[in-house]
>>> print(open('final02.tsv').read())   # TSV, C-alpha atoms
chain	number	residue	atom	x	y	z
B	1400	MET	CA	63.90	100.54	115.54
B	1401	ALA	CA	64.45	96.82	116.13
B	1402	ILE	CA	66.63	95.87	119.08
B	1403	GLY	CA	68.03	92.61	120.38
B	1404	GLU	CA	67.69	90.91	123.75
B	1405	PHE	CA	70.86	92.37	125.26
B	1406	GLU	CA	70.02	95.85	124.01
B	1407	TYR	CA	66.60	95.52	125.63
B	1408	LEU	CA	68.21	94.46	128.90
B	1409	LEU	CA	70.49	97.50	128.84
B	1410	LEU	CA	67.61	99.87	128.06
B	1411	ALA	CA	65.45	98.34	130.81
B	1412	VAL	CA	68.17	98.52	133.45
B	1413	ALA	CA	69.32	102.01	132.43
B	1414	SER	CA	65.71	103.20	132.55
B	1415	SER	CA	65.08	101.72	136.00
B	1416	LEU	CA	68.34	103.12	137.43
B	1417	GLN	CA	67.38	106.60	136.14
B	1418	ASP	CA	70.05	109.13	137.21
B	1419	GLU	CA	72.31	106.40	138.57
B	1420	ALA	CA	72.75	104.54	135.27
B	1421	TYR	CA	76.40	104.02	134.26
B	1422	GLY	CA	78.59	101.04	133.35
B	1423	ALA	CA	79.35	99.64	136.81
B	1424	SER	CA	75.83	100.18	138.22
B	1425	ILE	CA	74.26	98.55	135.13
B	1426	ARG	CA	76.62	95.59	135.51
B	1427	LYS	CA	75.77	95.28	139.22
B	1428	ARG	CA	72.01	95.31	138.52
B	1429	LEU	CA	72.37	92.74	135.73
B	1430	LEU	CA	74.43	90.54	138.08
B	1431	GLU	CA	71.70	90.77	140.76
B	1432	ASP	CA	69.15	89.73	138.14
B	1433	GLY	CA	71.26	86.68	137.22
B	1434	GLN	CA	72.55	88.20	133.98
B	1435	ALA	CA	76.33	88.33	134.43
B	1436	ARG	CA	77.95	90.45	131.73
B	1437	SER	CA	81.46	91.82	131.39
B	1438	ILE	CA	82.16	95.55	131.56
B	1439	GLY	CA	83.48	95.37	128.01
B	1440	ALA	CA	80.23	93.82	126.76
B	1441	ILE	CA	78.17	96.48	128.55
B	1442	HIS	CA	80.20	99.34	127.07
B	1443	THR	CA	80.02	97.78	123.59
B	1444	GLY	CA	76.23	97.49	123.97
B	1445	LEU	CA	76.01	101.09	125.17
B	1446	ASP	CA	78.09	102.23	122.16
B	1447	ARG	CA	75.68	100.43	119.85
B	1448	LEU	CA	72.60	101.92	121.52
B	1449	GLU	CA	74.12	105.40	121.40
B	1450	ALA	CA	74.92	105.00	117.70
B	1451	LYS	CA	71.26	104.08	117.13
B	1452	GLY	CA	70.13	107.16	119.07
B	1453	LEU	CA	68.38	105.04	121.73
B	1454	ILE	CA	70.47	106.43	124.61
B	1455	VAL	CA	72.63	109.47	125.21
B	1456	THR	CA	75.71	109.39	127.40
B	1457	GLN	CA	77.70	112.11	129.12
B	1458	MET	CA	80.62	112.15	131.48
B	1459	GLY	CA	79.64	112.56	135.13
B	1460	GLU	CA	81.52	113.50	138.26
B	1461	PRO	CA	84.57	111.54	139.43
B	1462	THR	CA	84.18	109.65	142.70
B	1463	ALA	CA	86.70	108.29	145.23
B	1464	GLU	CA	85.47	104.67	144.99
B	1465	ARG	CA	86.30	104.76	141.28
B	1466	GLY	CA	89.85	105.92	141.92
B	1467	GLY	CA	88.90	109.50	141.08
B	1468	ARG	CA	87.61	108.58	137.64
B	1469	ALA	CA	84.47	109.97	136.01
B	1470	LYS	CA	81.34	107.93	135.19
B	1471	ARG	CA	79.78	107.59	131.76
B	1472	MET	CA	76.18	108.43	132.66
B	1473	VAL	CA	73.45	106.87	130.51
B	1474	LYS	CA	70.03	108.34	129.71
B	1475	VAL	CA	67.39	106.54	127.67
B	1476	THR	CA	65.97	108.71	124.88
B	1477	ALA	CA	62.32	108.78	123.78
B	1478	ALA	CA	63.28	106.63	120.78
B	1479	GLY	CA	64.99	104.20	123.17
B	1480	ALA	CA	61.88	103.96	125.35
B	1481	ARG	CA	59.74	103.33	122.24
B	1482	ALA	CA	62.11	100.63	120.96
B	1483	ALA	CA	62.11	98.92	124.39
B	1484	ALA	CA	58.31	99.12	124.60
B	1485	ASP	CA	57.99	97.59	121.10
B	1486	PHE	CA	60.35	94.76	122.06
B	1487	TYR	CA	58.46	94.09	125.29
B	1488	LYS	CA	55.13	94.10	123.45
B	1489	MET	CA	56.45	91.74	120.79
B	1490	ILE	CA	57.76	89.27	123.41
B	1491	SER	CA	54.54	89.50	125.44
B	1492	ILE	CA	52.34	88.83	122.41
B	1493	ALA	CA	54.55	86.02	121.13
B	1494	SER	CA	54.61	84.40	124.61
B	1495	ARG	CA	50.82	84.59	125.15
B	1496	ASP	CA	50.00	80.87	125.15
B	1497	VAL	CA	53.37	79.24	125.74
B	1498	HIS	CA	53.60	76.71	128.54
B	1499	TRP	CA	56.87	78.07	129.98
B	1500	ALA	CA	55.18	81.39	130.76
B	1501	GLU	CA	53.62	79.66	133.79
B	1502	ILE	CA	56.89	78.01	134.85
B	1503	SER	CA	58.84	81.29	134.84
B	1504	ARG	CA	56.30	83.11	137.04
L	1322	MET	CA	94.80	99.29	139.29
L	1323	THR	CA	97.99	97.88	137.81
L	1324	ARG	CA	100.32	99.71	135.49
L	1325	SER	CA	99.80	97.09	132.77
L	1326	LEU	CA	96.03	97.66	132.90
L	1327	GLU	CA	96.50	101.40	132.56
L	1328	ALA	CA	98.91	100.85	129.68
L	1329	LEU	CA	96.37	98.58	127.95
L	1330	ALA	CA	93.64	101.18	128.47
L	1331	ARG	CA	95.72	103.73	126.56
L	1332	LEU	CA	94.47	102.05	123.39
L	1333	LEU	CA	91.04	103.54	124.14
L	1334	PRO	CA	90.03	107.19	123.58
L	1335	GLY	CA	90.47	109.49	126.62
L	1336	GLU	CA	86.88	109.69	127.96
L	1337	ASP	CA	86.19	105.99	127.34
L	1338	ARG	CA	89.39	105.11	129.15
L	1339	GLU	CA	88.36	107.16	132.15
L	1340	ALA	CA	84.87	105.63	132.35
L	1341	ILE	CA	85.96	102.03	131.76
L	1342	LEU	CA	88.87	102.10	134.21
L	1343	GLY	CA	86.52	103.68	136.76
L	1344	ASP	CA	83.93	100.92	136.20
L	1345	ILE	CA	86.62	98.25	136.58
L	1346	CYS	CA	87.82	99.89	139.80
L	1347	GLU	CA	84.29	100.20	141.21
L	1348	SER	CA	83.34	96.63	140.27
L	1349	GLY	CA	86.32	95.25	142.18
L	1350	LEU	CA	87.29	92.82	139.42
L	1351	SER	CA	90.34	90.61	139.91
L	1352	ASN	CA	93.46	91.65	138.03
L	1353	LEU	CA	93.08	88.79	135.54
L	1354	ASN	CA	89.38	89.45	134.90
L	1355	ALA	CA	90.05	93.17	134.51
L	1356	HIS	CA	92.73	92.44	131.89
L	1357	LEU	CA	90.48	89.97	130.06
L	1358	ASP	CA	87.50	92.38	130.09
L	1359	LEU	CA	89.56	95.28	128.86
L	1360	SER	CA	91.31	93.22	126.17
L	1361	ALA	CA	87.95	91.92	124.91
L	1362	LEU	CA	86.59	95.48	124.75
L	1363	ILE	CA	89.64	96.77	122.86
L	1364	TRP	CA	89.40	93.82	120.49
L	1365	ARG	CA	85.70	94.56	119.83
L	1366	ARG	CA	86.43	98.24	119.25
L	1367	CYS	CA	89.36	97.58	116.93
L	1368	LEU	CA	87.87	94.65	115.02
L	1369	PRO	CA	85.29	96.28	112.68
L	1370	PRO	CA	87.77	97.80	110.20
L	1371	TYR	CA	89.55	94.44	109.96
L	1372	ALA	CA	86.50	92.22	109.83
L	1373	GLY	CA	85.87	92.36	106.09
L	1374	ILE	CA	86.78	89.19	104.18
L	1375	ARG	CA	87.53	91.42	101.18
L	1376	ASP	CA	90.45	93.12	102.94
L	1377	TRP	CA	92.01	89.84	103.99
L	1378	ALA	CA	91.48	88.45	100.47
L	1379	CYS	CA	93.31	91.49	99.17
L	1380	ILE	CA	96.26	90.91	101.47
L	1381	ALA	CA	96.37	87.23	100.48
L	1382	PHE	CA	96.27	88.31	96.81
L	1383	ALA	CA	99.19	90.69	97.39
L	1384	ALA	CA	101.15	88.09	99.39
L	1385	ILE	CA	100.79	85.48	96.62
L	1386	ILE	CA	101.71	87.72	93.71
L	1387	SER	CA	104.46	89.91	95.15
L	1388	PRO	CA	107.10	87.13	95.61
L	1389	LEU	CA	106.51	86.17	91.99
L	1390	LEU	CA	106.99	89.76	90.92
L	1391	VAL	CA	110.22	89.96	92.91
L	1392	GLY	CA	111.46	86.87	91.06
L	1393	LEU	CA	110.47	88.33	87.73
L	1394	SER	CA	112.10	91.68	88.55
L	1395	VAL	CA	115.40	89.98	89.27
L	1396	ALA	CA	115.17	87.59	86.29
L	1397	LEU	CA	114.38	90.42	83.87
L	1398	SER	CA	117.15	92.58	85.28
L	1399	ALA	CA	119.66	89.76	84.84
L	1400	GLN	CA	118.39	89.12	81.30
L	1401	ALA	CA	118.69	92.82	80.44
L	1402	SER	CA	122.21	92.91	81.82
L	1403	ARG	CA	123.25	89.91	79.69
L	1404	GLN	CA	121.69	91.47	76.58
L	1405	ILE	CA	123.42	94.77	77.13
L	1406	HIS	CA	126.74	92.96	77.41
L	1407	ALA	CA	126.02	90.82	74.32
L	1408	GLY	CA	124.63	93.79	72.41
L	1409	SER	CA	121.48	91.91	71.34
L	1410	PHE	CA	117.85	92.66	72.05
L	1411	LEU	CA	115.07	90.14	71.71
L	1412	GLY	CA	111.48	91.20	71.15
L	1413	VAL	CA	110.14	88.62	73.58
L	1414	VAL	CA	112.19	90.01	76.46
L	1415	GLU	CA	110.98	93.53	75.75
L	1416	LEU	CA	107.43	92.22	75.75
L	1417	LEU	CA	108.12	90.36	78.97
L	1418	ARG	CA	109.29	93.56	80.57
L	1419	LEU	CA	106.11	95.28	79.42
L	1420	GLY	CA	104.10	92.33	80.74
L	1421	ALA	CA	105.83	92.51	84.12
L	1422	LEU	CA	105.04	96.22	84.37
L	1423	LEU	CA	101.42	95.62	83.48
L	1424	TRP	CA	101.05	92.68	85.86
L	1425	ALA	CA	102.64	94.60	88.71
L	1426	ALA	CA	100.34	97.54	88.04
L	1427	SER	CA	97.44	95.07	87.85
L	1428	LEU	CA	98.31	93.91	91.33
L	1429	GLY	CA	98.01	97.51	92.49
L	1430	VAL	CA	94.66	97.99	90.75
L	1431	GLY	CA	93.47	94.67	92.19
L	1432	ILE	CA	94.41	95.87	95.67
L	1433	ALA	CA	92.59	99.17	95.14
L	1434	ALA	CA	89.50	97.38	93.81
L	1435	THR	CA	89.44	94.75	96.53
L	1436	SER	CA	90.25	96.71	99.66
L	1437	ARG	CA	88.57	99.78	101.04
L	1438	PRO	CA	90.77	102.86	100.82
L	1439	ARG	CA	92.81	103.62	103.95
L	1440	ASN	CA	91.71	100.48	105.80
L	1441	MET	CA	94.53	98.03	106.08
L	1442	ALA	CA	96.63	99.97	103.61
L	1443	ALA	CA	99.68	99.50	105.82
L	1444	LEU	CA	99.16	95.73	106.11
L	1445	THR	CA	98.72	95.43	102.36
L	1446	ALA	CA	101.87	97.45	101.74
L	1447	ILE	CA	103.74	95.10	104.10
L	1448	ALA	CA	102.36	92.06	102.23
L	1449	VAL	CA	103.52	93.55	98.93
L	1450	LEU	CA	106.98	94.62	100.08
L	1451	ALA	CA	107.80	91.85	102.59
L	1452	PRO	CA	109.18	89.32	100.05
L	1453	ALA	CA	111.48	91.94	98.52
L	1454	ILE	CA	112.69	93.08	101.96
L	1455	ALA	CA	113.23	89.46	103.02
L	1456	CYS	CA	115.26	88.81	99.85
L	1457	ALA	CA	117.28	91.98	100.41
L	1458	PHE	CA	118.27	90.75	103.88
L	1459	GLN	CA	118.87	87.17	102.76
L	1460	TYR	CA	120.97	87.90	99.69
L	1461	ARG	CA	123.06	90.96	100.43
L	1462	GLY	CA	124.58	92.28	97.22
L	1463	PRO	CA	125.64	95.47	95.47
L	1464	GLY	CA	123.18	98.35	95.81
L	1465	LEU	CA	122.03	98.20	92.21
L	1466	GLN	CA	121.08	94.51	92.46
L	1467	MET	CA	119.14	95.25	95.66
L	1468	ALA	CA	117.22	97.94	93.80
L	1469	PHE	CA	116.14	95.32	91.21
L	1470	LEU	CA	114.25	93.50	93.97
L	1471	PHE	CA	112.01	96.51	94.38
L	1472	LEU	CA	111.50	97.27	90.67
L	1473	PHE	CA	107.97	95.88	90.74
L	1474	ALA	CA	106.98	98.17	93.64
L	1475	ILE	CA	106.84	101.24	91.37
L	1476	PRO	CA	104.18	99.93	88.94
L	1477	THR	CA	102.31	98.31	91.85
L	1478	ILE	CA	102.07	101.63	93.68
L	1479	TYR	CA	101.10	103.32	90.42
L	1480	GLY	CA	98.37	100.70	89.88
L	1481	ALA	CA	97.03	101.17	93.40
L	1482	TRP	CA	97.04	104.94	92.90
L	1483	ILE	CA	95.02	104.89	89.67
L	1484	GLY	CA	92.72	102.26	91.20
L	1485	TYR	CA	91.96	104.40	94.25
L	1486	ARG	CA	91.63	107.51	92.06
L	1487	LYS	CA	89.22	105.59	89.81
L	1488	LYS	CA	91.27	106.48	86.75
L	1489	HIS	CA	91.60	102.88	85.70
L	1490	HIS	CA	90.44	102.02	82.15
L	1491	GLN	CA	89.20	98.54	82.95
L	1492	ARG	CA	88.42	97.31	79.42
L	1493	VAL	CA	91.69	98.49	77.80
L	1494	TRP	CA	93.65	97.14	80.75
L	1495	LEU	CA	91.88	93.79	80.62
L	1496	ILE	CA	92.48	93.33	76.88
L	1497	ALA	CA	96.14	94.36	77.15
L	1498	THR	CA	96.76	92.02	80.08
L	1499	LEU	CA	95.10	89.04	78.42
L	1500	LEU	CA	96.79	89.74	75.07
L	1501	LEU	CA	100.23	89.92	76.68
L	1502	THR	CA	99.54	86.74	78.62
L	1503	LEU	CA	98.57	84.92	75.43
L	1504	ILE	CA	101.70	86.15	73.63
L	1505	LEU	CA	104.07	85.61	76.53
L	1506	GLY	CA	102.65	82.40	77.94
L	1507	PRO	CA	104.38	79.97	75.57
L	1508	PRO	CA	107.84	81.68	75.62
L	1509	ILE	CA	107.76	81.85	79.42
L	1510	LEU	CA	106.98	78.17	79.65
L	1511	ILE	CA	109.41	77.05	76.90
L	1512	HIS	CA	112.46	79.30	77.37
L	1513	GLY	CA	114.02	78.25	80.63
L	1514	TYR	CA	112.14	80.64	82.93
L	1515	THR	CA	111.55	79.23	86.34
L	1516	MET	CA	108.16	77.81	87.27
L	1517	LEU	CA	107.96	80.58	89.85
L	1518	ASN	CA	107.96	83.20	87.13
L	1519	ALA	CA	105.79	81.07	84.86
L	1520	SER	CA	103.17	80.97	87.60
L	1521	LEU	CA	102.91	84.74	87.19
L	1522	LEU	CA	100.62	83.88	84.32
L	1523	LEU	CA	98.04	83.45	87.06
L	1524	ALA	CA	98.29	87.14	87.89
L	1525	PRO	CA	95.98	88.36	85.10
L	1526	ALA	CA	93.41	85.71	86.03
L	1527	LEU	CA	93.46	86.83	89.67
L	1528	TYR	CA	93.31	90.44	88.55
L	1529	CYS	CA	90.29	89.77	86.28
L	1530	TRP	CA	88.54	87.92	89.09
L	1531	SER	CA	89.10	90.70	91.62
L	1532	ILE	CA	87.97	93.41	89.20
L	1533	GLN	CA	84.88	91.44	88.23
L	1534	ARG	CA	84.03	90.51	91.79
L	1535	PHE	CA	84.74	93.82	93.51
L	1536	GLY	CA	85.78	96.37	90.87
L	1537	ALA	CA	82.27	97.47	89.91
L	1538	ARG	CA	81.72	98.86	93.40
L	1539	HIS	CA	85.20	100.19	94.08
L	1540	ALA	CA	87.47	100.92	91.13
L	1541	HIS	CA	84.63	102.14	88.96
L	1542	SER	CA	81.86	103.14	91.30
>>> encode(input="final02.tsv", output="structure tokens")
Amino acid sequence: MAIGEFEYLLLAVASSLQDEAYGASIRKRLLEDGQARSIGAIHTGLDRLEAKGLIVTQMGEPTAERGGRAKRMVKVTAAGARAAADFYKMISIASRDVHWAEISR
Amino acid sequence: MTRSLEALARLLPGEDREAILGDICESGLSNLNAHLDLSALIWRRCLPPYAGIRDWACIAFAAIISPLLVGLSVALSAQASRQIHAGSFLGVVELLRLGALLWAASLGVGIAATSRPRNMAALTAIAVLAPAIACAFQYRGPGLQMAFLFLFAIPTIYGAWIGYRKKHHQRVWLIATLLLTLILGPPILIHGYTMLNASLLLAPALYCWSIQRFGARHAHS
């Protein structure tokens, strides 16, 4: 299944955060990577990925730092991992001989 | 977490509300940013059913035609009243009445063909009834005269019903509408009817366009 850049970002971050992937933690990681996104945008992206069957979400435990509210935990499915791998491969192949590949390293 | 933010979040389903408010709390967003984020999310969630150009075209169609139908309802009622008092009946007026019924029902069928069922039904109903309600408030009169303002609503609702139920005989309807327009066009333009009512002659054209453009997929699919 084809995905876009933002969907790839969400899949990559959710995958790297493993059991700690939820809205606020994804936003924090994106912010650290220089990709500031609003909470609304992240939840909209997660909705889209869930509708495509690329992630599954479930409500987690409430915590005090969240005002006693539960987290929406995110888990990347096998189809999600495949879609992310395809996207990564496509970008890598397309960027093989471009001059900005050196600059960004 | 302010009360206004919690009130805004009530527009979201229960579990989503819990998770999103928790994320906002954990992220330590400012009050303004939290409101903006949440509003944007609600807007994105609510937008899809209202994003179709077809639905807005349908509402515009209803908003253009319904004031004309209100005018025609009142004009025909007044004409009928005069005739009853004078004891005379003209064929043209009877035909006009038939034409008004058909055009009003055509508006309903056009709405059914153009818009998706259920989506925006309330907004379309408001667009159809608003001119009549506005007139009722503006020109307060005896109950019976007020009822004349809403005469067109009955065939419009009927038209929408048969359109949604796909019981609409497109070809027969089309021929009848065009035939009545051809017969009634000249008398409407010549015999002292207002330009507002004369412009109702556009109704069949709009109806034909909407049926041709959208009807194949909706009214007859």
>>> atom_distance(input="final02.tsv", atom1="atom CA of Leu1389 of chain L", atom2="atom CA of Thr1445 of chain L")
15.9 Å
>>> closest_atom_pairs(input="final02.tsv", of="chain B", to="chain L", cutoff="9 Å", atoms="all atoms listed in the file", output="tab-separated table")
residue	atom	partner	partner_atom	distance
B:Tyr1421	CA	L:Asp1344	CA	8.4
B:Gly1422	CA	L:Asp1344	CA	6.1
B:Ala1423	CA	L:Asp1344	CA	4.8
B:Ser1424	CA	L:Asp1344	CA	8.4
B:Arg1426	CA	L:Ser1348	CA	8.3
B:Lys1427	CA	L:Ser1348	CA	7.8
B:Ser1437	CA	L:Asp1358	CA	6.2
B:Ile1438	CA	L:Asp1358	CA	6.4
B:Gly1439	CA	L:Leu1362	CA	4.5
B:Ala1440	CA	L:Leu1362	CA	6.9
B:His1442	CA	L:Leu1362	CA	7.8
B:Thr1443	CA	L:Leu1362	CA	7.1
B:Met1458	CA	L:Glu1336	CA	7.6
B:Pro1461	CA	L:Gly1343	CA	8.5
B:Thr1462	CA	L:Gly1343	CA	8.7
B:Glu1464	CA	L:Glu1347	CA	6.0
B:Arg1465	CA	L:Gly1343	CA	4.7
B:Gly1466	CA	L:Gly1343	CA	6.5
B:Gly1467	CA	L:Gly1343	CA	7.6
B:Arg1468	CA	L:Gly1343	CA	5.1
B:Ala1469	CA	L:Ala1340	CA	5.7
B:Lys1470	CA	L:Ala1340	CA	5.1
B:Arg1471	CA	L:Ala1340	CA	5.5
>>> closest_residue(input="final02.tsv", among="B:Tyr1487, B:Leu1409, B:Ile1425, B:Ala1500", to="Arg1447 of chain B", atoms="all atoms listed in the file")
B:Leu1409
>>> atom_distance(input="final02.tsv", atom1="atom CA of Ala1477 of chain B", atom2="atom CA of Gly1452 of chain B")
9.3 Å
>>> residues_around(input="final02.tsv", residues="Asp1418 of chain B", least_positions_apart="6", cutoff="9 Å", atoms="all atoms listed in the file", output="PyMOL selection string")
chain B and resi 1472-1474
>>> residues_around(input="final02.tsv", residues="segment 1489-1494 of chain B", least_positions_apart="6", cutoff="12 Å", atoms="all atoms listed in the file", output="ChimeraX atom specification")
/B:1401-1404,1407,1482-1483,1500-1501,1503
>>> atom_distance(input="final02.tsv", atom1="atom CA of Thr1323 of chain L", atom2="atom CA of Leu1430 of chain B")
24.7 Å
>>> axis_aligned_box(input="final02.tsv", around="segment 1357-1360 of chain L", padding_each_side="3 Å", output="JSON")
{"center_x": 89.4, "center_y": 92.6, "center_z": 128.1, "size_x": 9.8, "size_y": 11.3, "size_z": 9.9}
>>> residues_around(input="final02.tsv", residues="Leu1450 of chain L", least_positions_apart="4", cutoff="8 Å", atoms="only C-alpha atoms", output="list in words")
Ser1387, Ala1446, Ile1454, Phe1471 and Ala1474 of chain L
>>> write_last_selection(input="final02.tsv", atoms="C-alpha atoms", output="mmCIF file, keeping the file's coordinate frame")
data_model
loop_
_atom_site.group_PDB
_atom_site.id
_atom_site.type_symbol
_atom_site.label_atom_id
_atom_site.label_comp_id
_atom_site.auth_asym_id
_atom_site.auth_seq_id
_atom_site.Cartn_x
_atom_site.Cartn_y
_atom_site.Cartn_z
ATOM 1 C CA SER L 1387 104.460 89.910 95.150
ATOM 2 C CA ALA L 1446 101.870 97.450 101.740
ATOM 3 C CA ILE L 1454 112.690 93.080 101.960
ATOM 4 C CA PHE L 1471 112.010 96.510 94.380
ATOM 5 C CA ALA L 1474 106.980 98.170 93.640
#
>>> closest_residue(input="final02.tsv", among="L:Leu1470, L:Ala1425, L:Ala1384, L:Leu1333", to="Ala1399 of chain L", atoms="all atoms listed in the file")
L:Leu1470
>>> closest_residue(input="final02.tsv", among="L:Leu1329, L:Ala1426, L:Ile1374, L:Ile1386", to="Ile1483 of chain L", atoms="all atoms listed in the file")
L:Ala1426
>>> residues_around(input="final02.tsv", residues="Ala1411 of chain B", least_positions_apart="3", cutoff="12 Å", atoms="all atoms listed in the file", output="list of chain:residue names")
B:Glu1404, B:Phe1405, B:Glu1406, B:Tyr1407, B:Leu1408, B:Ser1414, B:Ser1415, B:Leu1416, B:Gln1417, B:Ala1420, B:Ile1425, B:Arg1428, B:Leu1429, B:Asp1432, B:Leu1453, B:Ile1454, B:Val1473, B:Lys1474, B:Val1475, B:Thr1476, B:Gly1479, B:Ala1480, B:Arg1481, B:Ala1482, B:Ala1483, B:Ala1484, B:Phe1486, B:Tyr1487
